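data.csv, holding CSV, C-alpha atoms:
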chain,number,residue,atom,x,y,z
A,1,ARG,CA,-61.6,-63.6,-47.9
A,2,ASN,CA,-60.6,-60.8,-50.3
A,3,LEU,CA,-57.0,-61.9,-50.2
A,4,ARG,CA,-58.0,-65.5,-51.0
A,5,THR,CA,-60.0,-64.4,-54.0
A,6,LYS,CA,-57.1,-62.3,-55.2
A,7,ARG,CA,-54.7,-65.1,-54.8
A,8,ARG,CA,-56.9,-67.5,-56.8
A,9,SER,CA,-57.1,-64.9,-59.6
A,10,LEU,CA,-53.4,-64.2,-59.6
A,11,ALA,CA,-52.6,-67.9,-59.6
A,12,ARG,CA,-54.4,-68.2,-63.0
A,13,ALA,CA,-52.6,-65.2,-64.5
A,14,ASP,CA,-50.0,-65.6,-67.3
A,15,ALA,CA,-48.3,-62.4,-66.1
A,16,ILE,CA,-48.9,-59.7,-63.4
A,17,ILE,CA,-48.3,-56.0,-63.4
A,18,ALA,CA,-47.8,-54.0,-60.2
A,19,VAL,CA,-47.6,-50.2,-60.0
A,20,SER,CA,-44.7,-50.2,-57.6
A,21,THR,CA,-41.9,-52.3,-56.2
A,22,THR,CA,-43.6,-52.3,-52.8
A,23,ILE,CA,-46.8,-53.8,-54.3
A,24,ALA,CA,-44.7,-56.4,-56.3
A,25,ASP,CA,-42.8,-57.4,-53.1
A,26,ASP,CA,-46.1,-57.6,-51.2
A,27,LEU,CA,-47.6,-59.9,-53.9
A,28,ARG,CA,-44.6,-62.1,-53.9
A,29,ALA,CA,-44.7,-62.4,-50.1
A,30,ARG,CA,-48.4,-63.0,-49.6
A,31,ALA,CA,-49.1,-65.1,-52.7
A,32,PRO,CA,-46.4,-67.8,-53.0
A,33,GLU,CA,-48.4,-69.5,-55.7
A,34,ILE,CA,-47.2,-66.8,-58.2
A,35,ALA,CA,-43.5,-67.5,-57.7
A,36,GLN,CA,-43.1,-68.7,-61.3
A,37,THR,CA,-45.5,-66.1,-62.8
A,38,PRO,CA,-43.7,-63.1,-64.6
A,39,LEU,CA,-44.2,-60.0,-62.5
A,40,TYR,CA,-43.6,-56.6,-64.0
A,41,THR,CA,-43.6,-53.2,-62.3
A,42,ILE,CA,-45.1,-50.4,-64.5
A,43,PRO,CA,-45.7,-47.1,-62.6
A,44,ASN,CA,-49.0,-45.2,-63.0
A,45,PRO,CA,-48.9,-43.0,-66.1
A,46,VAL,CA,-48.6,-39.3,-65.8
A,47,ASP,CA,-49.5,-36.8,-68.6
A,48,MET,CA,-46.2,-34.8,-68.7
A,49,THR,CA,-47.4,-32.6,-71.6
A,50,ALA,CA,-50.3,-31.3,-69.5
A,51,LEU,CA,-48.0,-30.9,-66.5
A,52,ASP,CA,-45.5,-29.0,-68.5
A,53,GLU,CA,-48.2,-26.6,-69.7
A,54,ILE,CA,-49.4,-26.1,-66.1
A,55,TYR,CA,-45.8,-25.5,-65.0
A,56,GLU,CA,-45.2,-22.8,-67.7
A,57,ARG,CA,-48.6,-21.1,-67.8
A,58,ALA,CA,-50.7,-21.6,-64.6
A,59,ALA,CA,-51.4,-18.4,-62.7
A,60,ARG,CA,-50.9,-18.4,-59.0
A,61,PRO,CA,-54.2,-19.1,-57.2
A,62,THR,CA,-53.0,-17.0,-54.3
A,63,VAL,CA,-50.1,-14.7,-53.7
A,64,ALA,CA,-49.0,-16.0,-50.3
A,65,PRO,CA,-47.1,-19.3,-49.8
A,66,TYR,CA,-49.1,-22.3,-48.6
A,67,VAL,CA,-48.8,-26.0,-47.8
A,68,LEU,CA,-50.9,-28.3,-49.9
A,69,TYR,CA,-52.6,-31.6,-49.2
A,70,ALA,CA,-54.4,-33.2,-52.2
A,71,GLY,CA,-56.3,-36.4,-51.8
A,72,LYS,CA,-59.0,-38.3,-50.0
A,73,LEU,CA,-59.7,-37.2,-46.4
A,74,ALA,CA,-59.5,-40.7,-44.9
A,75,THR,CA,-57.5,-42.6,-42.3
A,76,ASN,CA,-55.6,-44.7,-44.8
A,77,LYS,CA,-54.3,-41.5,-46.3
A,78,GLY,CA,-52.8,-40.4,-43.0
A,79,VAL,CA,-55.0,-37.3,-42.6
A,80,GLN,CA,-55.1,-37.8,-38.8
A,81,TYR,CA,-51.4,-37.0,-38.8
A,82,LEU,CA,-51.6,-34.0,-41.1
A,83,LEU,CA,-52.5,-31.1,-38.7
A,84,PRO,CA,-50.3,-32.3,-35.8
A,85,ALA,CA,-47.4,-32.5,-38.2
A,86,VAL,CA,-48.1,-28.9,-39.5
A,87,LYS,CA,-48.4,-27.7,-35.9
A,88,THR,CA,-45.2,-29.5,-34.8
A,89,ALA,CA,-43.3,-28.2,-37.8
A,90,ARG,CA,-44.4,-24.7,-36.8
A,91,LEU,CA,-45.4,-23.9,-40.4
A,92,ARG,CA,-46.9,-20.4,-40.6
A,93,TRP,CA,-48.4,-20.9,-44.0
A,94,PRO,CA,-52.0,-21.8,-44.5
A,95,LEU,CA,-52.8,-25.4,-45.2
A,96,VAL,CA,-54.8,-25.7,-48.4
A,97,VAL,CA,-56.7,-29.0,-48.5
A,98,ILE,CA,-58.0,-30.3,-51.9
A,99,GLY,CA,-60.3,-33.3,-51.5
A,100,ASP,CA,-63.1,-34.7,-49.5
A,101,GLY,CA,-63.9,-37.8,-47.4
A,102,PRO,CA,-65.0,-39.1,-44.1
A,103,MET,CA,-62.5,-37.2,-42.1
A,104,ARG,CA,-63.5,-33.7,-43.4
A,105,GLY,CA,-65.4,-32.7,-40.3
A,106,ARG,CA,-62.6,-33.9,-38.0
A,107,LEU,CA,-60.0,-32.0,-40.0
A,108,GLU,CA,-62.1,-28.8,-39.7
A,109,SER,CA,-62.6,-29.0,-36.0
A,110,GLU,CA,-59.0,-30.1,-35.3
A,111,GLY,CA,-57.8,-27.1,-37.4
A,112,ARG,CA,-59.8,-24.7,-35.2
A,113,ALA,CA,-58.6,-26.4,-32.0
A,114,LEU,CA,-55.0,-26.2,-33.1
A,115,ASP,CA,-55.5,-22.6,-34.3
A,116,LEU,CA,-54.3,-23.4,-37.8
A,117,ASP,CA,-55.3,-21.7,-41.0
A,118,VAL,CA,-56.9,-24.6,-42.9
A,119,ARG,CA,-58.6,-23.8,-46.2
A,120,GLU,CA,-60.7,-26.7,-47.5
A,121,LEU,CA,-61.5,-26.4,-51.2
A,122,GLY,CA,-63.2,-29.8,-51.7
A,123,TRP,CA,-62.8,-31.8,-54.9
A,124,LEU,CA,-61.4,-29.9,-57.8
A,125,SER,CA,-60.6,-30.9,-61.4
A,126,ARG,CA,-57.3,-32.4,-62.1
A,127,ARG,CA,-56.0,-29.2,-63.9
A,128,GLU,CA,-57.1,-27.1,-60.9
A,129,VAL,CA,-55.3,-29.4,-58.5
A,130,TRP,CA,-52.2,-29.1,-60.7
A,131,THR,CA,-52.4,-25.3,-60.6
A,132,TRP,CA,-52.5,-25.3,-56.8
A,133,MET,CA,-49.8,-27.9,-56.7
A,134,ARG,CA,-47.5,-26.0,-59.1
A,135,HIS,CA,-47.4,-23.0,-56.8
A,136,ALA,CA,-47.4,-24.7,-53.4
A,137,ALA,CA,-44.5,-24.0,-51.1
A,138,LEU,CA,-44.7,-27.6,-49.9
A,139,LEU,CA,-46.8,-30.7,-50.6
A,140,ALA,CA,-47.7,-32.6,-47.5
A,141,PHE,CA,-48.2,-36.4,-48.0
A,142,PRO,CA,-49.0,-38.1,-44.7
A,143,SER,CA,-50.1,-41.4,-46.1
A,144,TYR,CA,-48.9,-44.2,-43.9
A,145,GLY,CA,-50.9,-47.1,-45.3
A,146,PRO,CA,-50.3,-49.5,-48.1
A,147,GLN,CA,-49.9,-46.7,-50.6
A,148,SER,CA,-48.9,-48.4,-53.9
A,149,LEU,CA,-47.6,-45.6,-56.0
A,150,SER,CA,-49.0,-42.1,-55.6
A,151,ARG,CA,-49.9,-40.2,-58.7
A,152,VAL,CA,-50.0,-37.1,-56.5
A,153,LEU,CA,-46.4,-37.5,-55.6
A,154,ILE,CA,-45.4,-38.2,-59.2
A,155,GLU,CA,-47.2,-35.0,-60.3
A,156,ALA,CA,-45.8,-32.9,-57.5
A,157,ALA,CA,-42.3,-34.1,-58.3
A,158,ALA,CA,-42.8,-33.4,-62.0
A,159,LEU,CA,-43.9,-29.9,-61.1
A,160,GLY,CA,-40.9,-29.3,-58.9
A,161,VAL,CA,-42.8,-29.0,-55.7
A,162,PRO,CA,-40.9,-29.7,-52.4
A,163,ILE,CA,-42.5,-32.7,-50.7
A,164,ALA,CA,-42.8,-33.8,-47.1
A,165,ALA,CA,-43.9,-37.5,-47.2
A,166,MET,CA,-44.1,-40.5,-45.0
A,167,ASP,CA,-41.7,-43.2,-46.1
A,168,THR,CA,-44.4,-45.8,-46.9
A,169,GLY,CA,-45.4,-48.1,-49.7
A,170,GLY,CA,-44.2,-47.0,-53.1
A,171,THR,CA,-43.0,-43.6,-52.0
A,172,ARG,CA,-39.3,-44.6,-52.3
A,173,ASP,CA,-40.0,-45.4,-56.0
A,174,ILE,CA,-40.6,-41.7,-56.4
A,175,LEU,CA,-38.6,-39.9,-53.6
A,176,HIS,CA,-35.2,-40.8,-52.4
A,177,PRO,CA,-34.2,-39.8,-48.8
Let me see whether you can do it: turn the structure in this file into structure tokens.
Amino acid sequence: RNLRTKRRSLARADAIIAVSTTIADDLRARAPEIAQTPLYTIPNPVDMTALDEIYERAARPTVAPYVLYAGKLATNKGVQYLLPAVKTARLRWPLVVIGDGPMRGRLESEGRALDLDVRELGWLSRREVWTWMRHAALLAFPSYGPQSLSRVLIEAAALGVPIAAMDTGGTRDILHP
């Protein structure tokens, strides 16, 4: 029903903007009635001035290296794959988790069961996230779902953080294998 509603709305549009090539391709495939409608891809905006300031001035939140996950703790974000991936990769660094959501309890118990050092910080301000991101040894991005174009990936890339990501959705618009 949701798709039918969207398709009716899109069919009346004079132009459509998608945030990634994946979303544009998906729209073309699932809404044939927009075949003649101009479709533009415009990525999510990122405040590069603020990121440059964080890059140059942000103090390290902790001395030791760490892996960072920043985002909603939910199935569509791939959180169920996060700890098994950290364990399989034999990463010895703590996993700092910024965010909250329905899988928080599962993440906590699974971290204990796998004997991993998981440090959950909850939701933080955007600038605090950037500070943690700036100094991360690695950003983990396990999203497997229809991720359109992740602002987190764009920000991490702009801050020069190494990224381990699932090749899904708009990820290829940001990272190239």
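Distance-wise, atom CA of Ala89 of chain A and atom CA of Glu155 of chain A end up 23.8 Å apart.
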### Task
Rounded to one decimal place, report the atom CA of Ala165 of chain A-atom CA of Asp25 of chain A distance in Å.
20.8 Å
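For Val63 of chain A, the residues within 12 Å (counting all atoms listed in the file, excluding itself and residues fewer than 5 positions away along the chain) are Trp93, Pro94, Trp132, His135, Ala136 and Ala137 of chain A.
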For those residues, write C-alpha atoms to a file as an mmCIF file, in the frame of the given file.
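Written file, out20.cif:
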data_model
loop_
_atom_site.group_PDB
_atom_site.id
_atom_site.type_symbol
_atom_site.label_atom_id
_atom_site.label_comp_id
_atom_site.auth_asym_id
_atom_site.auth_seq_id
_atom_site.Cartn_x
_atom_site.Cartn_y
_atom_site.Cartn_z
ATOM 1 C CA TRP A 93 -48.400 -20.900 -44.000
ATOM 2 C CA PRO A 94 -52.000 -21.800 -44.500
ATOM 3 C CA TRP A 132 -52.500 -25.300 -56.800
ATOM 4 C CA HIS A 135 -47.400 -23.000 -56.800
ATOM 5 C CA ALA A 136 -47.400 -24.700 -53.400
ATOM 6 C CA ALA A 137 -44.500 -24.000 -51.100
#
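Proximity of A:Arg8, A:Arg90, A:Ser143, A:Asp115 to Val67 of chain A, computed with all atoms listed in the file, is greatest for A:Arg90.
If you measure from each of A:Arg126, A:Arg1, A:Pro142, A:Arg134 to Ala74 of chain A using all atoms listed in the file, the closest one turns out to be A:Pro142.
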If we count all atoms listed in the file, what is near Leu51 of chain A at a cut-off of 8 Å, once residues fewer than 6 positions away on the same chain are taken out, given as a PDB file with C-alpha atoms, in the frame of the given file?
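Written out: out09.pdb:
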ATOM      1  CA  TRP A 130     -52.200 -29.100 -60.700  1.00  0.00           C
ATOM      2  CA  GLU A 155     -47.200 -35.000 -60.300  1.00  0.00           C
ATOM      3  CA  ALA A 158     -42.800 -33.400 -62.000  1.00  0.00           C
ATOM      4  CA  LEU A 159     -43.900 -29.900 -61.100  1.00  0.00           C
TER       5      LEU A 159
END
Rebuild segment 51-62 of chain A so that it carries all heavy atoms, then output the result as a PDB file, in the frame of the given file.
ATOM      1  N   LEU A  51     -48.723 -31.446 -67.602  1.00  0.00           N
ATOM      2  CA  LEU A  51     -48.000 -30.900 -66.500  1.00  0.00           C
ATOM      3  C   LEU A  51     -47.027 -29.797 -66.899  1.00  0.00           C
ATOM      4  O   LEU A  51     -46.876 -28.785 -66.214  1.00  0.00           O
ATOM      5  CB  LEU A  51     -47.277 -31.979 -65.680  1.00  0.00           C
ATOM      6  CG  LEU A  51     -48.171 -32.919 -64.879  1.00  0.00           C
ATOM      7  CD1 LEU A  51     -47.345 -34.040 -64.263  1.00  0.00           C
ATOM      8  CD2 LEU A  51     -48.939 -32.177 -63.808  1.00  0.00           C
ATOM      9  N   ASP A  52     -46.367 -30.003 -68.027  1.00  0.00           N
ATOM     10  CA  ASP A  52     -45.500 -29.000 -68.500  1.00  0.00           C
ATOM     11  C   ASP A  52     -46.226 -27.687 -68.849  1.00  0.00           C
ATOM     12  O   ASP A  52     -45.745 -26.587 -68.563  1.00  0.00           O
ATOM     13  CB  ASP A  52     -44.751 -29.454 -69.819  1.00  0.00           C
ATOM     14  CG  ASP A  52     -43.668 -30.485 -69.531  1.00  0.00           C
ATOM     15  OD1 ASP A  52     -43.268 -30.621 -68.354  1.00  0.00           O
ATOM     16  OD2 ASP A  52     -43.236 -31.151 -70.487  1.00  0.00           O
ATOM     17  N   GLU A  53     -47.418 -27.824 -69.403  1.00  0.00           N
ATOM     18  CA  GLU A  53     -48.200 -26.600 -69.700  1.00  0.00           C
ATOM     19  C   GLU A  53     -48.634 -25.920 -68.417  1.00  0.00           C
ATOM     20  O   GLU A  53     -48.549 -24.694 -68.339  1.00  0.00           O
ATOM     21  CB  GLU A  53     -49.497 -27.074 -70.466  1.00  0.00           C
ATOM     22  CG  GLU A  53     -50.406 -25.911 -70.815  1.00  0.00           C
ATOM     23  CD  GLU A  53     -51.697 -26.384 -71.472  1.00  0.00           C
ATOM     24  OE1 GLU A  53     -51.645 -27.336 -72.274  1.00  0.00           O
ATOM     25  OE2 GLU A  53     -52.745 -25.790 -71.164  1.00  0.00           O
ATOM     26  N   ILE A  54     -49.041 -26.666 -67.409  1.00  0.00           N
ATOM     27  CA  ILE A  54     -49.400 -26.100 -66.100  1.00  0.00           C
ATOM     28  C   ILE A  54     -48.150 -25.374 -65.531  1.00  0.00           C
ATOM     29  O   ILE A  54     -48.227 -24.247 -65.036  1.00  0.00           O
ATOM     30  CB  ILE A  54     -49.916 -27.132 -65.131  1.00  0.00           C
ATOM     31  CG1 ILE A  54     -51.269 -27.663 -65.593  1.00  0.00           C
ATOM     32  CG2 ILE A  54     -49.987 -26.592 -63.704  1.00  0.00           C
ATOM     33  CD1 ILE A  54     -52.415 -26.682 -65.527  1.00  0.00           C
ATOM     34  N   TYR A  55     -47.011 -26.034 -65.595  1.00  0.00           N
ATOM     35  CA  TYR A  55     -45.800 -25.500 -65.000  1.00  0.00           C
ATOM     36  C   TYR A  55     -45.462 -24.123 -65.674  1.00  0.00           C
ATOM     37  O   TYR A  55     -45.091 -23.170 -64.995  1.00  0.00           O
ATOM     38  CB  TYR A  55     -44.609 -26.444 -65.246  1.00  0.00           C
ATOM     39  CG  TYR A  55     -43.332 -25.943 -64.618  1.00  0.00           C
ATOM     40  CD1 TYR A  55     -43.080 -26.194 -63.277  1.00  0.00           C
ATOM     41  CD2 TYR A  55     -42.408 -25.206 -65.343  1.00  0.00           C
ATOM     42  CE1 TYR A  55     -41.918 -25.722 -62.676  1.00  0.00           C
ATOM     43  CE2 TYR A  55     -41.247 -24.727 -64.750  1.00  0.00           C
ATOM     44  CZ  TYR A  55     -41.011 -24.991 -63.425  1.00  0.00           C
ATOM     45  OH  TYR A  55     -39.872 -24.510 -62.824  1.00  0.00           O
ATOM     46  N   GLU A  56     -45.615 -24.045 -66.979  1.00  0.00           N
ATOM     47  CA  GLU A  56     -45.200 -22.800 -67.700  1.00  0.00           C
ATOM     48  C   GLU A  56     -46.311 -21.735 -67.655  1.00  0.00           C
ATOM     49  O   GLU A  56     -45.972 -20.554 -67.699  1.00  0.00           O
ATOM     50  CB  GLU A  56     -44.969 -23.183 -69.174  1.00  0.00           C
ATOM     51  CG  GLU A  56     -43.727 -24.037 -69.340  1.00  0.00           C
ATOM     52  CD  GLU A  56     -43.582 -24.591 -70.750  1.00  0.00           C
ATOM     53  OE1 GLU A  56     -44.372 -24.229 -71.640  1.00  0.00           O
ATOM     54  OE2 GLU A  56     -42.664 -25.407 -70.953  1.00  0.00           O
ATOM     55  N   ARG A  57     -47.584 -22.092 -67.556  1.00  0.00           N
ATOM     56  CA  ARG A  57     -48.600 -21.100 -67.800  1.00  0.00           C
ATOM     57  C   ARG A  57     -49.594 -20.845 -66.617  1.00  0.00           C
ATOM     58  O   ARG A  57     -50.312 -19.849 -66.644  1.00  0.00           O
ATOM     59  CB  ARG A  57     -49.449 -21.490 -69.006  1.00  0.00           C
ATOM     60  CG  ARG A  57     -48.621 -21.469 -70.269  1.00  0.00           C
ATOM     61  CD  ARG A  57     -49.499 -21.678 -71.502  1.00  0.00           C
ATOM     62  NE  ARG A  57     -48.669 -21.690 -72.692  1.00  0.00           N
ATOM     63  CZ  ARG A  57     -48.230 -22.790 -73.283  1.00  0.00           C
ATOM     64  NH1 ARG A  57     -48.550 -23.958 -72.800  1.00  0.00           N
ATOM     65  NH2 ARG A  57     -47.475 -22.715 -74.356  1.00  0.00           N
ATOM     66  N   ALA A  58     -49.667 -21.715 -65.652  1.00  0.00           N
ATOM     67  CA  ALA A  58     -50.700 -21.600 -64.600  1.00  0.00           C
ATOM     68  C   ALA A  58     -50.440 -20.367 -63.728  1.00  0.00           C
ATOM     69  O   ALA A  58     -49.351 -20.190 -63.185  1.00  0.00           O
ATOM     70  CB  ALA A  58     -50.737 -22.839 -63.755  1.00  0.00           C
ATOM     71  N   ALA A  59     -51.465 -19.550 -63.601  1.00  0.00           N
ATOM     72  CA  ALA A  59     -51.400 -18.400 -62.700  1.00  0.00           C
ATOM     73  C   ALA A  59     -51.479 -18.826 -61.269  1.00  0.00           C
ATOM     74  O   ALA A  59     -52.147 -19.814 -60.948  1.00  0.00           O
ATOM     75  CB  ALA A  59     -52.524 -17.417 -63.048  1.00  0.00           C
ATOM     76  N   ARG A  60     -50.810 -18.088 -60.404  1.00  0.00           N
ATOM     77  CA  ARG A  60     -50.900 -18.400 -59.000  1.00  0.00           C
ATOM     78  C   ARG A  60     -52.287 -18.258 -58.459  1.00  0.00           C
ATOM     79  O   ARG A  60     -52.910 -17.238 -58.672  1.00  0.00           O
ATOM     80  CB  ARG A  60     -49.955 -17.464 -58.185  1.00  0.00           C
ATOM     81  CG  ARG A  60     -48.475 -17.643 -58.443  1.00  0.00           C
ATOM     82  CD  ARG A  60     -47.647 -16.752 -57.533  1.00  0.00           C
ATOM     83  NE  ARG A  60     -47.718 -17.220 -56.155  1.00  0.00           N
ATOM     84  CZ  ARG A  60     -46.963 -18.200 -55.646  1.00  0.00           C
ATOM     85  NH1 ARG A  60     -46.090 -18.819 -56.401  1.00  0.00           N
ATOM     86  NH2 ARG A  60     -47.093 -18.560 -54.395  1.00  0.00           N
ATOM     87  N   PRO A  61     -52.802 -19.262 -57.757  1.00  0.00           N
ATOM     88  CA  PRO A  61     -54.200 -19.100 -57.200  1.00  0.00           C
ATOM     89  C   PRO A  61     -54.251 -18.199 -56.017  1.00  0.00           C
ATOM     90  O   PRO A  61     -55.317 -17.707 -55.685  1.00  0.00           O
ATOM     91  CB  PRO A  61     -54.525 -20.575 -56.837  1.00  0.00           C
ATOM     92  CG  PRO A  61     -53.235 -21.286 -56.698  1.00  0.00           C
ATOM     93  CD  PRO A  61     -52.244 -20.581 -57.563  1.00  0.00           C
ATOM     94  N   THR A  62     -53.117 -17.944 -55.389  1.00  0.00           N
ATOM     95  CA  THR A  62     -53.000 -17.000 -54.300  1.00  0.00           C
ATOM     96  C   THR A  62     -51.608 -16.495 -54.193  1.00  0.00           C
ATOM     97  O   THR A  62     -50.680 -17.190 -54.587  1.00  0.00           O
ATOM     98  CB  THR A  62     -53.471 -17.687 -52.936  1.00  0.00           C
ATOM     99  OG1 THR A  62     -53.459 -16.717 -51.897  1.00  0.00           O
ATOM    100  CG2 THR A  62     -52.572 -18.836 -52.563  1.00  0.00           C
TER     101      THR A  62
END
